[in-house]
Structures are given as structure tokens and as C-alpha cells.
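Engineer: File my_file.txt follows (compact mmCIF, C-alpha atoms):
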# COMPACT_ATOMS: atom_id res chain seq x y z
CA MET A 1 24.41 -23.14 -13.30
CA PRO A 2 24.84 -24.40 -9.73
CA THR A 3 23.12 -27.64 -8.93
CA ILE A 4 22.33 -29.14 -5.57
CA SER A 5 23.71 -32.62 -5.28
CA PRO A 6 21.48 -35.42 -3.96
CA GLY A 7 23.99 -35.76 -1.10
CA ILE A 8 23.25 -32.23 0.12
CA ILE A 9 19.52 -32.83 -0.16
CA ALA A 10 19.93 -35.95 1.96
CA VAL A 11 21.83 -33.95 4.59
CA LEU A 12 19.18 -31.21 4.61
CA LEU A 13 16.43 -33.78 4.99
CA ALA A 14 18.28 -35.47 7.82
CA VAL A 15 18.61 -32.14 9.64
CA THR A 16 14.95 -31.23 9.27
CA LEU A 17 13.89 -34.70 10.34
CA VAL A 18 15.79 -34.63 13.62
CA PRO A 19 12.80 -33.67 15.78
CA ALA A 20 10.81 -36.59 14.42
CA SER A 21 13.59 -39.08 15.08
CA ALA A 22 13.95 -37.68 18.61
CA ALA A 23 11.25 -40.14 19.60
CA ALA A 24 13.82 -42.87 19.26
CA GLN A 25 16.12 -41.36 21.91
CA GLY A 26 16.99 -43.32 25.00
CA PRO A 27 15.09 -42.46 28.18
CA SER A 28 16.23 -39.31 29.97
CA ALA A 29 15.63 -38.81 33.69
CA GLU A 30 16.07 -35.08 33.20
CA ARG A 31 13.20 -34.85 30.71
CA GLY A 32 11.30 -37.32 32.88
CA LYS A 33 11.37 -34.86 35.77
CA SER A 34 9.22 -32.41 33.81
CA VAL A 35 6.82 -35.20 32.78
CA PHE A 36 6.63 -36.17 36.46
CA ASP A 37 5.84 -32.59 37.50
CA ALA A 38 3.28 -32.10 34.75
CA GLY A 39 1.63 -35.41 35.60
CA GLY A 40 1.23 -34.42 39.24
CA CYS A 41 2.43 -37.87 40.35
CA LEU A 42 3.82 -36.67 43.67
CA ALA A 43 0.66 -35.25 45.22
CA CYS A 44 -1.43 -38.43 44.86
CA HIS A 45 1.32 -40.97 45.56
CA THR A 46 2.72 -39.20 48.64
CA ASP A 47 1.07 -38.58 52.00
CA LEU A 48 2.16 -34.92 51.98
CA LYS A 49 -0.07 -33.94 54.87
CA ASN A 50 1.68 -36.34 57.22
CA LYS A 51 5.10 -35.72 55.68
CA GLY A 52 5.29 -39.21 54.16
CA GLU A 53 8.28 -40.30 52.05
CA PRO A 54 7.99 -39.31 48.37
CA LEU A 55 6.01 -41.82 46.28
CA ALA A 56 5.63 -44.28 49.17
CA GLY A 57 1.82 -44.19 48.87
CA GLY A 58 -0.84 -41.53 49.04
CA PRO A 59 -3.43 -40.23 51.49
CA PRO A 60 -7.02 -41.52 51.40
CA LEU A 61 -8.91 -40.24 48.37
CA LYS A 62 -12.65 -40.36 48.98
CA THR A 63 -14.85 -40.86 45.93
CA PRO A 64 -18.49 -41.86 45.45
CA PHE A 65 -17.20 -45.39 44.73
CA GLY A 66 -15.07 -45.86 47.82
CA THR A 67 -11.81 -44.69 49.39
CA PHE A 68 -8.65 -45.19 47.39
CA TYR A 69 -5.00 -45.08 48.38
CA ALA A 70 -2.52 -44.45 45.59
CA PRO A 71 0.13 -47.17 45.91
CA ASN A 72 3.86 -47.02 46.53
CA ILE A 73 5.51 -46.20 43.18
CA SER A 74 8.98 -45.57 44.57
CA PRO A 75 11.78 -47.66 43.00
CA ASP A 76 11.60 -50.25 45.79
CA ARG A 77 11.74 -53.70 44.16
CA THR A 78 9.25 -55.34 46.52
CA HIS A 79 6.73 -52.64 47.35
CA GLY A 80 7.26 -50.14 44.54
CA ILE A 81 7.95 -50.34 40.83
CA GLY A 82 11.69 -51.04 41.06
CA GLY A 83 11.30 -54.44 39.45
CA TRP A 84 9.16 -53.29 36.54
CA THR A 85 10.39 -53.29 32.96
CA ASP A 86 9.83 -50.26 30.75
CA VAL A 87 7.24 -52.23 28.81
CA GLN A 88 5.31 -53.05 32.01
CA PHE A 89 5.45 -49.43 33.09
CA VAL A 90 4.21 -48.15 29.74
CA ARG A 91 1.40 -50.73 29.80
CA ALA A 92 0.31 -49.62 33.28
CA MET A 93 0.19 -45.99 32.16
CA ARG A 94 -1.34 -46.64 28.75
CA GLU A 95 -3.70 -49.52 29.40
CA GLY A 96 -4.34 -49.40 33.15
CA VAL A 97 -3.07 -52.95 33.66
CA GLY A 98 -0.42 -53.93 36.21
CA PRO A 99 2.48 -56.33 35.58
CA ASP A 100 0.43 -59.04 37.35
CA GLY A 101 -2.46 -58.50 34.94
CA ARG A 102 -4.62 -56.67 37.47
CA HIS A 103 -6.84 -53.91 36.08
CA TYR A 104 -6.49 -50.55 37.79
CA TYR A 105 -9.35 -48.47 39.08
CA PRO A 106 -9.70 -45.34 36.95
CA VAL A 107 -9.00 -43.19 40.01
CA PHE A 108 -5.50 -43.64 38.62
CA PRO A 109 -5.92 -41.41 35.56
CA TYR A 110 -4.60 -43.80 32.92
CA THR A 111 -7.60 -42.57 30.95
CA SER A 112 -5.44 -39.44 30.46
CA TYR A 113 -1.95 -40.95 30.58
CA THR A 114 -2.87 -43.33 27.75
CA LYS A 115 -2.51 -40.27 25.50
CA ALA A 116 1.12 -39.62 26.52
CA THR A 117 3.91 -40.34 24.06
CA GLU A 118 5.97 -43.46 24.61
CA GLN A 119 9.05 -41.23 24.91
CA ASP A 120 7.48 -39.19 27.73
CA LEU A 121 6.52 -42.37 29.60
CA ARG A 122 9.96 -43.93 29.29
CA ASP A 123 11.54 -40.65 30.42
CA LEU A 124 9.13 -40.56 33.35
CA LYS A 125 10.14 -44.04 34.47
CA ALA A 126 13.82 -43.14 34.14
CA TYR A 127 13.23 -40.19 36.48
CA ILE A 128 11.24 -42.17 39.05
CA MET A 129 14.09 -44.72 39.16
CA THR A 130 16.48 -41.96 40.33
CA LEU A 131 14.40 -41.36 43.50
CA ALA A 132 14.84 -43.14 46.82
CA PRO A 133 13.23 -46.58 47.16
CA VAL A 134 10.88 -46.87 50.14
CA ALA A 135 10.23 -50.33 51.58
CA LYS A 136 6.65 -49.76 52.63
CA PRO A 137 3.65 -51.82 51.55
CA SER A 138 0.85 -50.08 49.68
CA ARG A 139 -2.39 -49.64 51.54
CA PRO A 140 -5.32 -51.61 50.06
CA HIS A 141 -8.28 -49.62 48.71
CA ASP A 142 -11.44 -49.51 50.77
CA VAL A 143 -14.08 -50.12 48.13
CA GLY A 144 -17.51 -51.65 48.68
CA PHE A 145 -19.27 -54.31 46.62
CA PRO A 146 -19.63 -54.53 43.64
CA PHE A 147 -16.67 -52.30 42.85
CA SER A 148 -14.47 -54.40 45.12
CA ILE A 149 -14.51 -57.00 42.34
CA ARG A 150 -11.97 -55.80 39.82
CA LEU A 151 -13.68 -57.69 37.00
CA THR A 152 -16.39 -55.02 37.14
CA LEU A 153 -13.70 -52.79 35.66
CA LEU A 154 -13.73 -54.65 32.37
CA PRO A 155 -17.12 -53.42 31.15
CA TRP A 156 -16.24 -50.00 32.62
CA LYS A 157 -13.09 -49.84 30.57
CA TRP A 158 -14.93 -51.05 27.49
CA LEU A 159 -17.41 -48.20 27.79
CA ASN A 160 -15.35 -45.37 29.25
CA PHE A 161 -11.76 -45.82 28.19
CA THR A 162 -10.23 -45.17 24.79
CA PRO A 163 -6.62 -46.23 24.80
CA GLY A 164 -4.19 -44.57 22.45
CA GLU A 165 -1.70 -41.78 22.03
CA TRP A 166 -2.97 -38.24 21.63
CA LYS A 167 -3.13 -37.03 18.02
CA PRO A 168 -2.19 -33.42 17.27
CA ASP A 169 -4.72 -31.31 15.40
CA PRO A 170 -2.99 -30.18 12.19
CA SER A 171 -5.42 -27.25 11.81
CA LYS A 172 -4.09 -25.69 15.04
CA ASP A 173 -0.68 -24.19 15.75
CA ALA A 174 2.15 -25.74 17.74
CA VAL A 175 1.40 -23.80 20.94
CA TRP A 176 -2.24 -24.93 21.01
CA ASN A 177 -1.23 -28.50 20.28
CA ARG A 178 1.33 -28.47 23.08
CA GLY A 179 -1.32 -27.12 25.48
CA ALA A 180 -3.84 -29.70 24.38
CA TYR A 181 -1.30 -32.52 24.72
CA LEU A 182 -0.27 -31.41 28.21
CA THR A 183 -3.87 -31.03 29.36
CA GLU A 184 -5.21 -34.22 27.82
CA ALA A 185 -2.28 -36.54 28.44
CA LEU A 186 -0.29 -35.33 31.43
CA THR A 187 -1.75 -32.61 33.68
CA HIS A 188 -5.13 -34.42 33.52
CA CYS A 189 -7.09 -31.28 34.52
CA GLY A 190 -10.23 -32.83 33.03
CA GLU A 191 -10.22 -35.67 35.55
CA CYS A 192 -11.43 -33.24 38.24
CA HIS A 193 -12.82 -30.34 36.20
CA THR A 194 -15.18 -32.42 34.04
CA PRO A 195 -18.40 -33.96 35.35
CA ARG A 196 -18.71 -37.72 35.26
CA ASN A 197 -21.54 -39.94 34.09
CA LEU A 198 -23.31 -42.36 36.44
CA MET A 199 -20.58 -44.91 35.95
CA GLY A 200 -17.86 -42.45 36.81
CA GLY A 201 -16.70 -42.00 33.25
CA ILE A 202 -15.72 -38.54 31.99
CA ASP A 203 -18.54 -36.72 30.20
CA ARG A 204 -16.67 -35.33 27.17
CA LYS A 205 -19.67 -33.27 26.07
CA ARG A 206 -19.25 -31.18 29.22
CA TRP A 207 -15.43 -31.05 29.06
CA MET A 208 -13.94 -28.80 31.79
CA SER A 209 -17.30 -27.36 32.85
CA GLY A 210 -16.82 -28.28 36.52
CA SER A 211 -17.87 -31.08 38.81
CA ALA A 212 -19.74 -31.46 42.08
CA ASP A 213 -17.84 -34.66 42.91
CA GLY A 214 -14.23 -33.61 43.14
CA PRO A 215 -11.65 -35.22 45.41
CA ASP A 216 -12.94 -35.47 48.99
CA GLY A 217 -16.33 -34.13 47.92
CA GLU A 218 -14.90 -30.81 46.78
CA LYS A 219 -16.81 -28.78 44.22
CA VAL A 220 -14.59 -28.15 41.25
CA PRO A 221 -15.24 -25.00 39.20
CA ASN A 222 -16.10 -24.58 35.53
CA ILE A 223 -12.92 -23.57 33.70
CA THR A 224 -14.33 -23.06 30.22
CA PRO A 225 -14.46 -19.48 28.88
CA ASP A 226 -18.08 -19.03 29.98
CA ALA A 227 -19.30 -16.24 32.29
CA SER A 228 -19.74 -18.90 35.00
CA GLY A 229 -16.20 -20.08 34.30
CA ILE A 230 -13.08 -18.16 33.37
CA GLY A 231 -14.65 -16.03 30.62
CA LYS A 232 -13.16 -12.83 32.02
CA TRP A 233 -9.70 -14.26 32.53
CA SER A 234 -6.88 -13.34 30.19
CA VAL A 235 -4.19 -15.78 29.07
CA LYS A 236 -1.96 -13.99 31.60
CA ASP A 237 -4.46 -14.62 34.39
CA ILE A 238 -4.45 -18.36 33.65
CA GLU A 239 -0.65 -18.46 33.40
CA GLY A 240 -0.45 -16.53 36.67
CA LEU A 241 -2.81 -18.85 38.51
CA LEU A 242 -0.83 -21.87 37.33
CA SER A 243 2.40 -20.25 38.37
CA ASP A 244 1.62 -18.68 41.76
CA GLY A 245 -1.93 -19.76 42.64
CA GLY A 246 -3.39 -16.25 42.67
CA ASN A 247 -6.84 -15.61 41.22
CA PRO A 248 -7.22 -12.33 39.31
CA ASP A 249 -9.46 -11.03 42.13
CA GLY A 250 -6.72 -11.47 44.74
CA ASP A 251 -8.06 -14.68 46.23
CA TYR A 252 -5.76 -17.66 46.50
CA VAL A 253 -6.66 -21.15 45.30
CA GLY A 254 -6.77 -23.71 48.05
CA GLY A 255 -7.59 -27.35 48.57
CA SER A 256 -6.61 -29.74 45.82
CA MET A 257 -5.80 -26.96 43.37
CA GLY A 258 -3.37 -25.52 45.90
CA GLU A 259 -1.58 -28.87 45.74
CA VAL A 260 -1.65 -28.82 41.95
CA VAL A 261 -0.03 -25.38 41.93
CA ALA A 262 2.57 -26.28 44.57
CA HIS A 263 3.65 -29.62 43.13
CA SER A 264 2.81 -29.45 39.44
CA SER A 265 1.81 -26.34 37.53
CA SER A 266 4.28 -23.95 39.20
CA LYS A 267 7.07 -26.30 38.09
CA LEU A 268 6.12 -26.30 34.41
CA SER A 269 8.07 -24.11 32.02
CA ALA A 270 6.58 -20.68 31.30
CA ALA A 271 6.09 -21.82 27.69
CA ASP A 272 4.07 -24.84 28.84
CA ARG A 273 1.89 -22.70 31.13
CA ASN A 274 1.29 -20.37 28.20
CA ALA A 275 0.34 -23.33 25.98
CA ILE A 276 -2.16 -24.59 28.56
CA ALA A 277 -3.66 -21.10 28.90
CA VAL A 278 -4.01 -20.75 25.12
CA TYR A 279 -5.69 -24.14 24.98
CA PHE A 280 -8.20 -23.30 27.73
CA LYS A 281 -9.11 -19.98 26.12
CA SER A 282 -9.93 -21.91 22.93
CA LEU A 283 -12.39 -24.30 24.58
CA PRO A 284 -16.13 -23.98 23.88
CA ALA A 285 -17.82 -21.91 26.61
CA LEU A 286 -20.17 -24.17 28.58
CA PRO A 287 -22.51 -23.44 31.47
CA SER A 288 -21.25 -24.65 34.84
CA ALA A 289 -21.96 -28.29 35.59
CA VAL A 290 -21.78 -27.57 39.33
CA PRO A 291 -25.20 -27.14 40.92
CA LYS A 292 -25.70 -23.71 42.51
CA LYS A 293 -25.66 -23.58 46.30
CA LYS A 294 -28.98 -23.16 47.99
CA MET B 1 -8.46 14.04 88.36
CA ARG B 2 -6.03 13.51 85.50
CA LYS B 3 -5.35 10.09 86.86
CA GLY B 4 -9.07 9.37 86.79
CA VAL B 5 -9.39 10.31 83.13
CA PHE B 6 -6.33 8.26 82.31
CA GLY B 7 -7.77 5.31 84.19
CA ALA B 8 -11.07 5.66 82.36
CA VAL B 9 -9.25 5.71 79.02
CA ILE B 10 -7.41 2.53 79.93
CA ALA B 11 -10.61 0.92 81.12
CA ALA B 12 -12.39 1.93 77.92
CA ALA B 13 -9.50 0.61 75.86
CA ALA B 14 -9.52 -2.64 77.80
CA ILE B 15 -13.23 -3.01 77.19
CA ALA B 16 -12.78 -2.20 73.53
CA ILE B 17 -10.20 -4.97 73.26
CA ALA B 18 -12.10 -7.45 75.38
CA VAL B 19 -15.56 -6.85 73.92
CA PRO B 20 -15.09 -8.43 70.48
CA ALA B 21 -13.71 -11.60 72.06
CA VAL B 22 -16.46 -11.83 74.65
CA ALA B 23 -19.59 -10.49 73.03
CA GLN B 24 -19.21 -11.77 69.48
CA SER B 25 -21.27 -14.74 68.47
CA PRO B 26 -19.47 -17.35 66.33
CA ASN B 27 -21.30 -16.07 63.28
CA ASP B 28 -20.18 -12.48 63.94
CA THR B 29 -16.63 -13.72 64.32
CA ILE B 30 -16.89 -15.49 60.98
CA ALA B 31 -18.31 -12.39 59.26
CA ALA B 32 -15.52 -10.27 60.80
CA ARG B 33 -12.78 -12.63 59.67
CA VAL B 34 -14.20 -12.86 56.17
CA ALA B 35 -13.96 -9.05 56.04
CA LYS B 36 -10.36 -9.20 57.30
CA MET B 37 -9.51 -11.85 54.71
CA LYS B 38 -10.91 -9.52 52.06
CA GLU B 39 -8.38 -6.89 53.21
CA LEU B 40 -5.67 -9.45 52.64
CA GLY B 41 -7.30 -10.34 49.31
CA ALA B 42 -7.30 -6.70 48.20
CA ALA B 43 -3.58 -6.46 48.98
CA SER B 44 -2.92 -9.69 47.15
CA GLY B 45 -5.06 -8.51 44.21
CA ALA B 46 -2.96 -5.35 43.94
CA ILE B 47 0.21 -7.47 43.90
CA THR B 48 -1.26 -9.78 41.25
CA ALA B 49 -2.19 -6.79 39.07
CA TYR B 50 1.35 -5.39 39.42
CA VAL B 51 2.97 -8.72 38.53
CA ARG B 52 0.68 -9.69 35.66
CA GLU B 53 -0.50 -6.39 34.19
CA ASN B 54 2.25 -4.05 35.39
CA LYS B 55 -0.38 -1.92 37.14
CA GLY B 56 0.60 0.23 40.14
CA THR B 57 4.00 1.25 41.45
CA PRO B 58 6.63 -0.19 43.80
CA ALA B 59 5.26 2.24 46.42
CA ASP B 60 1.85 0.56 46.06
CA MET B 61 3.59 -2.77 46.54
CA VAL B 62 5.18 -1.55 49.78
CA LYS B 63 1.70 -0.63 50.97
CA ALA B 64 0.18 -3.97 49.96
CA GLY B 65 3.03 -5.87 51.59
CA GLU B 66 2.66 -3.85 54.78
CA THR B 67 -1.04 -4.72 54.94
CA MET B 68 -0.03 -8.39 54.91
CA GLN B 69 2.73 -7.82 57.44
CA GLY B 70 0.24 -6.17 59.74
CA LEU B 71 -2.43 -8.85 59.46
CA ALA B 72 -0.44 -12.09 59.14
CA LEU B 73 0.16 -12.81 62.81
CA GLN B 74 -3.39 -11.80 63.72
CA ILE B 75 -4.85 -14.58 61.60
CA PRO B 76 -4.87 -17.28 64.31
CA THR B 77 -6.82 -14.89 66.59
CA TRP B 78 -9.61 -14.76 63.99
CA PHE B 79 -10.20 -18.47 64.46
CA PRO B 80 -11.42 -19.03 68.03
CA LYS B 81 -12.63 -22.53 68.80
CA GLY B 82 -16.24 -23.15 67.84
CA THR B 83 -16.16 -21.16 64.57
CA GLY B 84 -15.34 -23.98 62.16
CA ASP B 85 -17.51 -25.43 59.43
CA GLY B 86 -19.30 -28.15 61.31
CA ASP B 87 -19.41 -26.54 64.75
CA PRO B 88 -22.93 -26.41 66.19
CA GLY B 89 -24.96 -23.29 65.38
CA VAL B 90 -22.39 -21.99 62.93
CA THR B 91 -23.27 -20.81 59.43
CA LYS B 92 -21.68 -22.62 56.51
CA ASN B 93 -18.14 -21.36 56.14
CA ARG B 94 -14.89 -22.59 54.68
CA ALA B 95 -12.78 -23.10 57.79
CA LYS B 96 -11.93 -26.80 57.98
CA MET B 97 -12.05 -28.43 61.43
CA ASP B 98 -8.42 -29.44 60.87
CA ILE B 99 -7.49 -25.89 61.90
CA TRP B 100 -8.20 -26.78 65.51
CA ALA B 101 -6.88 -30.33 65.25
CA LYS B 102 -3.55 -28.91 64.06
CA PHE B 103 -3.56 -25.41 65.49
CA ASP B 104 0.25 -25.38 65.81
CA ASP B 105 0.64 -26.03 62.08
CA PHE B 106 -2.03 -23.43 61.40
CA SER B 107 -0.19 -20.81 63.48
CA LYS B 108 3.11 -21.72 61.83
CA ALA B 109 1.52 -21.08 58.45
CA ALA B 110 0.55 -17.58 59.61
CA THR B 111 4.14 -17.01 60.75
CA ALA B 112 5.32 -18.18 57.33
CA LEU B 113 3.02 -15.62 55.69
CA ARG B 114 4.57 -12.91 57.87
CA ALA B 115 8.09 -13.98 56.78
CA GLU B 116 7.00 -13.92 53.12
CA ALA B 117 5.41 -10.49 53.61
CA ASP B 118 8.61 -9.19 55.24
CA ALA B 119 10.64 -10.40 52.26
CA PHE B 120 8.10 -8.90 49.86
CA VAL B 121 8.18 -5.49 51.52
CA ALA B 122 11.99 -5.51 51.42
CA ALA B 123 11.84 -6.31 47.69
CA ALA B 124 9.20 -3.61 47.11
CA ARG B 125 11.35 -1.01 48.89
CA SER B 126 14.19 -1.77 46.46
CA GLY B 127 11.88 -0.57 43.67
CA ASP B 128 13.27 -3.29 41.39
CA ARG B 129 10.45 -4.88 39.41
CA GLU B 130 12.33 -8.15 38.97
CA LYS B 131 12.93 -8.50 42.70
CA ILE B 132 9.29 -7.68 43.42
CA THR B 133 7.92 -10.28 41.01
CA ALA B 134 10.35 -12.88 42.36
CA ALA B 135 9.18 -12.20 45.92
CA ALA B 136 5.55 -12.30 44.80
CA ALA B 137 6.11 -15.72 43.22
CA THR B 138 6.77 -17.30 46.62
CA LEU B 139 4.40 -15.09 48.61
CA GLY B 140 1.38 -16.85 47.05
CA PRO B 141 2.30 -20.53 47.40
CA LYS B 142 4.28 -20.25 50.67
CA GLY B 143 2.30 -17.43 52.26
CA CYS B 144 -1.37 -17.71 51.28
CA GLY B 145 -1.11 -21.33 50.15
CA GLY B 146 0.31 -22.47 53.48
CA CYS B 147 -3.16 -22.10 54.97
CA HIS B 148 -5.49 -22.22 52.00
CA THR B 149 -4.29 -25.57 50.71
CA PRO B 150 -4.66 -27.63 53.91
CA PHE B 151 -7.17 -25.60 55.92
CA ARG B 152 -9.73 -23.98 53.64
CA ALA B 153 -12.61 -25.91 52.15
CA PRO B 154 -13.45 -25.24 48.50
CA GLN B 155 -16.17 -22.85 47.44
CA SER B 156 -19.56 -24.48 47.34
Mind turning this structure into C-alpha cells?
Structural biologist:
Amino acid sequence: MPTISPGIIAVLLAVTLVPASAAAQGPSAERGKSVFDAGGCLACHTDLKNKGEPLAGGPPLKTPFGTFYAPNISPDRTHGIGGWTDVQFVRAMREGVGPDGRHYYPVFPYTSYTKATEQDLRDLKAYIMTLAPVAKPSRPHDVGFPFSIRLTLLPWKWLNFTPGEWKPDPSKDAVWNRGAYLTEALTHCGECHTPRNLMGGIDRKRWMSGSADGPDGEKVPNITPDASGIGKWSVKDIEGLLSDGGNPDGDYVGGSMGEVVAHSSSKLSAADRNAIAVYFKSLPALPSAVPKKK
Amino acid sequence: MRKGVFGAVIAAAAIAIAVPAVAQSPNDTIAARVAKMKELGAASGAITAYVRENKGTPADMVKAGETMQGLALQIPTWFPKGTGDGDPGVTKNRAKMDIWAKFDDFSKAATALRAEADAFVAAARSGDREKITAAAATLGPKGCGGCHTPFRAPQS
């Protein structure tokens, strides 16, 4: 009677465990490129409209709390993040705290990035470090009192920010989990498509149901599977919009979503766009949180 | 006599061309361009249905592409000064004032749409589905998106 030796079992186990131990790999700039694209880093940190250098600092972003300018995150040692360690970078992304201990305004969506895996974040930094350093100082934010005092961010973070890596839902399949991870941790769709409470925190009960206070005062549509949202859209329609920006009715997305398509979602793999579409179709259908026009 | 009729035809044609530009109020111009944009939208919708649902034929794609070819370079003429969102006496519309601040960029975007439409029609004439979907993939972002991303305000 043939028996399986413990040695063979050990080998089999080692083979099946490879994906889990992949988390211990060294950072890869190549993988980081796809994290960078999914995260949409370029569009906020680059003044695309005025053909600014990549990652040298973003255009004004008007919000109800003031006007923000995403800083220089190019690998420049003085003005960018060239001098940061991996640990400092991961802390900035995960905890919203800079190497100097400064707390970041949540206009930088660390509320989403906190859910990214450590591997993804280290890969992301490795990729950013391959880009050209730009010696250009970041523009200070233009924020009125009391938000100009960064200490006001501490109670905000206490109430509106839950740090920690995203946990897969074991009751759902791998595709759904990939879509949920991408959406929650990297593509941060909810930062614009979800209404905020009075303090500017994301209202999870109305997840993805739209917002009247999008970037630059844009109205951002409901993208839950409700009739007022994308109820009639197929998975293919969502994939198609993310890939080429076309709505099923022939219209073309513009404004901020046009930037998302151009610099982020069109660069994802087809499998990742499918995962995001599957995830959105699974969301609870909610009525639109955007007030109707008069 | 023949000359007279000919002259009258030319005069009538000249009036027909000149009238919309002269007599239209800003709000009529906006309504007319929305209708024109819907023609572009119908063509783009047909392309989307072909790419995503495999509906229609390459011949339909030639037709849709030709609609875009025909309209692309007209687009800047649909945006005379004084018809933006924020101009006095103008109904709420989605044309950002940046169109007139950067009219050269705006016109270049229309030219880019024409180039994309040319490439799309060439692909459609080949009848090869793969070539058509590849051309459609850049037609949206580089053609439509060239204007809609910087120059169109979101739906309100």
C-alpha cells in the first residue's frame, strides 16, 4: 500500500502556501505601478490642466472646508518624499501622519488607503521612487479658522477614521473580495460618491449613494443599483464605463470622473474592472443622496 | 433670367447660413447644440452597444463614425461667446466658461475628436471586430473626453 511520506506533505503544503507568503516579498516597482494607477495618485498630485510635472503638486481642490493643494510627492529629497523611509510612507498612508508628526487633512484619502495591504503600499513607494524628482515646493493649503489649526484634526480622526487593513469577507468569492478591496482601499470611489456628515466624515449608511459636495462643487451621482443610480446597468456597462468612459446611453463622463477614467480606471486590468463591477452590483440599492434640481 | 434665379438661390442660401448665427438667442443656440450633441451621443451609443453587447454590424459602425467625422469640426461653432454657464441671461447649461478662456485648447480637442473619428471609420471599414473595438477604446477618452473632462460641468 503506497504511503505519502511526511516530506511530500511538507512540500505540498509549501506549494499551496506560496500565495500567503507572497506578502513577505520585497517591494516591486512593477506591481507598484498598478497600485499607483488604481489609487489615482497622479490626478490629485499633478497639475494636469496646466501641464505640471508628474507628482510635483496638484491643482486647487475646493471643498466646503477650504481649498487644498495636494503636495509634491515626487522622489525629490527636499520637496517630495525622496527622503522618506518605507515605514514613514506606510504610516502616512495608513495613519494620515507625516514623518514630522503632522496630521493630514482627510482630503488626502488615507481613510481609504489605511485599508491597503502593507505589500501594496511598499510596492507603491518603490514605483514612485522610479519617477523623476521635481524640486518644487508644495503649495500651502488655503483653509480658514478653525480648520487651519491641525489639532482640530485629532477629534475628527477619533470620530471619523478607523485605521486598519481591509478584511476579506469569507462568505463572498474571490472576485467580489478583490472588487471590494480595490474599491475600499485603493480606488477610493466612496470618497466622492458617498455623502458626508456635517464634519466631513463619510456616511457609511449611505455608501455610494451620491453626494452634492463633490470636488469643486460637482454633484456626484448615486452608483448603487437603485433606479436613481445604476440599477439598469449590467456588469459589462460598468466595466465599459471604467475602461472607456462611455455611459450605456452614449453619453461620455466628464469632469472629475473623466480624469478618473483617463488616469486610473482605464489602466486597471480587465479582471480588476470586472471585480469592481461585480462588487458594485452587489451593493444595497439606496435612493440618491443628491438633492433633485429645482 | 436664369442668372436672376441663380442669384436668388445664392442669396437665399446665404441668408439660410447667416440667419442662425444672427437671429438665434443664446438660449436657442444652447438648445440647438444640445440637440447636435445628442446626435453625437446616438452615434457613440451605437458604438458602445457594438463594443459591449455585440449589437449592430461593422457597416453600422462606419455610419456612426461618419456622423462623428461630420460633426467634430463643427463643435467650436456651436459655442459662440455669451452662451456659457454664467453668461448673463443664459439658462443653466453645462458649458464651462473655461471654453472661452482657452478656446484654442477647446478647438484642438474638437480636431482630436475628428482624428479619432477618422481612425475609427478606417477600422470600421476593415470589418474586423478587434480593430473596431481597439479604435473605440481611444475614441472615448481621447475624442469625447478631450472636451468633456475639462470643459463640461457635471449634471446637476
Engineer: Give as a list in words every residue, naming chains and numbers as the document does, that has an atom within 12 Å of (-4.0, -19.9, 65.5), counting all atoms listed in the file.
Structural biologist: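 The answer, in the requested form, is Ala72, Leu73, Gln74, Ile75, Pro76, Thr77, Trp78, Phe79, Pro80, Lys81, Asp98, Ile99, Trp100, Ala101, Lys102, Phe103, Asp104, Asp105, Phe106, Ser107, Lys108, Ala109, Ala110, Thr111, Cys147 and Phe151 of chain B.
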Engineer: Excluding Lys292 (chain A) and its own-chain neighbours fewer than 4 positions away, which residues fall within 12 Å of it when counting all atoms listed in the file? Please give them as a PyMOL selection string.
Structural biologist: (chain A and resi 210-212+219+221-222+228+287-288) or (chain B and resi 155-156)
Engineer: Write down, as JSON, numbers by chain, each residue of chain B that has any atom within 7 Å of an atom of chain A, counting only C-alpha atoms.
Structural biologist: {"B": [41, 42, 44, 45, 48, 52, 137, 140, 141, 144, 145, 148, 149, 150, 152, 153, 154, 155, 156]}
Engineer: Taking into account all atoms listed in the file, which residue in the set A:Pro60, A:Pro195, A:Gly190, A:Gly201 is nearest to Leu153 (chain A)?
Structural biologist: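 When distances to Leu153 (chain A) are compared using all atoms listed in the file, the smallest one comes from A:Gly201.
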Engineer: As a ChimeraX atom specification, please: the residues near Pro59 (chain A) (cut-off 7 Å, all atoms listed in the file, same-chain neighbours under 3 positions excluded).
Structural biologist: /A:46-47,69
Engineer: Which distance in Å separates CA of Tyr127 (chain A) and CA of Asp76 (chain A), to one decimal?
Structural biologist: 13.8 Å
Engineer: Using all atoms listed in the file, find the one residue out of A:Ala116, A:Leu42, A:Ala185, A:Val278 that sits nearest to Val90 (chain A).
Structural biologist: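 Of A:Ala116, A:Leu42, A:Ala185, A:Val278, the one nearest Val90 (chain A), counting all atoms listed in the file, is A:Ala116.
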Engineer: Find the spatial neighbours of Gly143 (chain B), counting all atoms listed in the file, within a cut-off of 6 Å - ignore same-chain residues fewer than 4 positions away - and output them as a list of chain:residue names.
Structural biologist: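 So, after excluding close chain neighbours, the residues are B:Ala112, B:Leu113, B:Glu116, B:Leu139.
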Engineer: Give me the residues within 8 Å of Ser265 (chain A) as a list in words, counting only C-alpha atoms and dropping any in the same chain fewer than 6 places off.
Structural biologist: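 Skipping anything fewer than 6 positions along the chain leaves Asp37, Ala38, Leu242, Ser243 and Arg273 of chain A.
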Engineer: Rounded to one decimal, what separation in Å do you get between CA of Ala285 (chain A) and CA of Asp203 (chain A)?
Structural biologist: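 For CA of Ala285 (chain A) relative to CA of Asp203 (chain A), the distance reads 15.3 Å.
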Engineer: Given the choices B:Thr91, B:Gly82, B:Arg125, B:Met97, which gets closest to Ala64 (chain B) if the distance is worked out from all atoms listed in the file?
Structural biologist: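 Closest candidate: B:Arg125.
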Engineer: So what do you get for CA of Glu95 (chain A) versus CA of Glu165 (chain A), distance-wise?
Structural biologist: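 For CA of Glu95 (chain A) relative to CA of Glu165 (chain A), the distance reads 10.9 Å.
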Engineer: Using all atoms listed in the file, which residues sit within 9 Å of Asp60 (chain B) once same-chain residues fewer than 5 positions away are excluded, as JSON, numbers by chain?
Structural biologist: {"B": [46, 47, 50, 65, 124]}
Engineer: Export, as a PDB file, in the coordinates of the input, the selected residues with C-alpha atoms.
Structural biologist:
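Result written to result.pdb:
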ATOM      1  CA  ALA B  46      -2.960  -5.350  43.940  1.00  0.00           C
ATOM      2  CA  ILE B  47       0.210  -7.470  43.900  1.00  0.00           C
ATOM      3  CA  TYR B  50       1.350  -5.390  39.420  1.00  0.00           C
ATOM      4  CA  GLY B  65       3.030  -5.870  51.590  1.00  0.00           C
ATOM      5  CA  ALA B 124       9.200  -3.610  47.110  1.00  0.00           C
TER       6      ALA B 124
END
Engineer: I'd like to know which of B:Glu39, B:Ile132, B:Ala32, B:Gly127 is closest to Leu71 (chain B), using only C-alpha atoms.
Structural biologist: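 Distance minimum relative to Leu71 (chain B) lands on B:Glu39.
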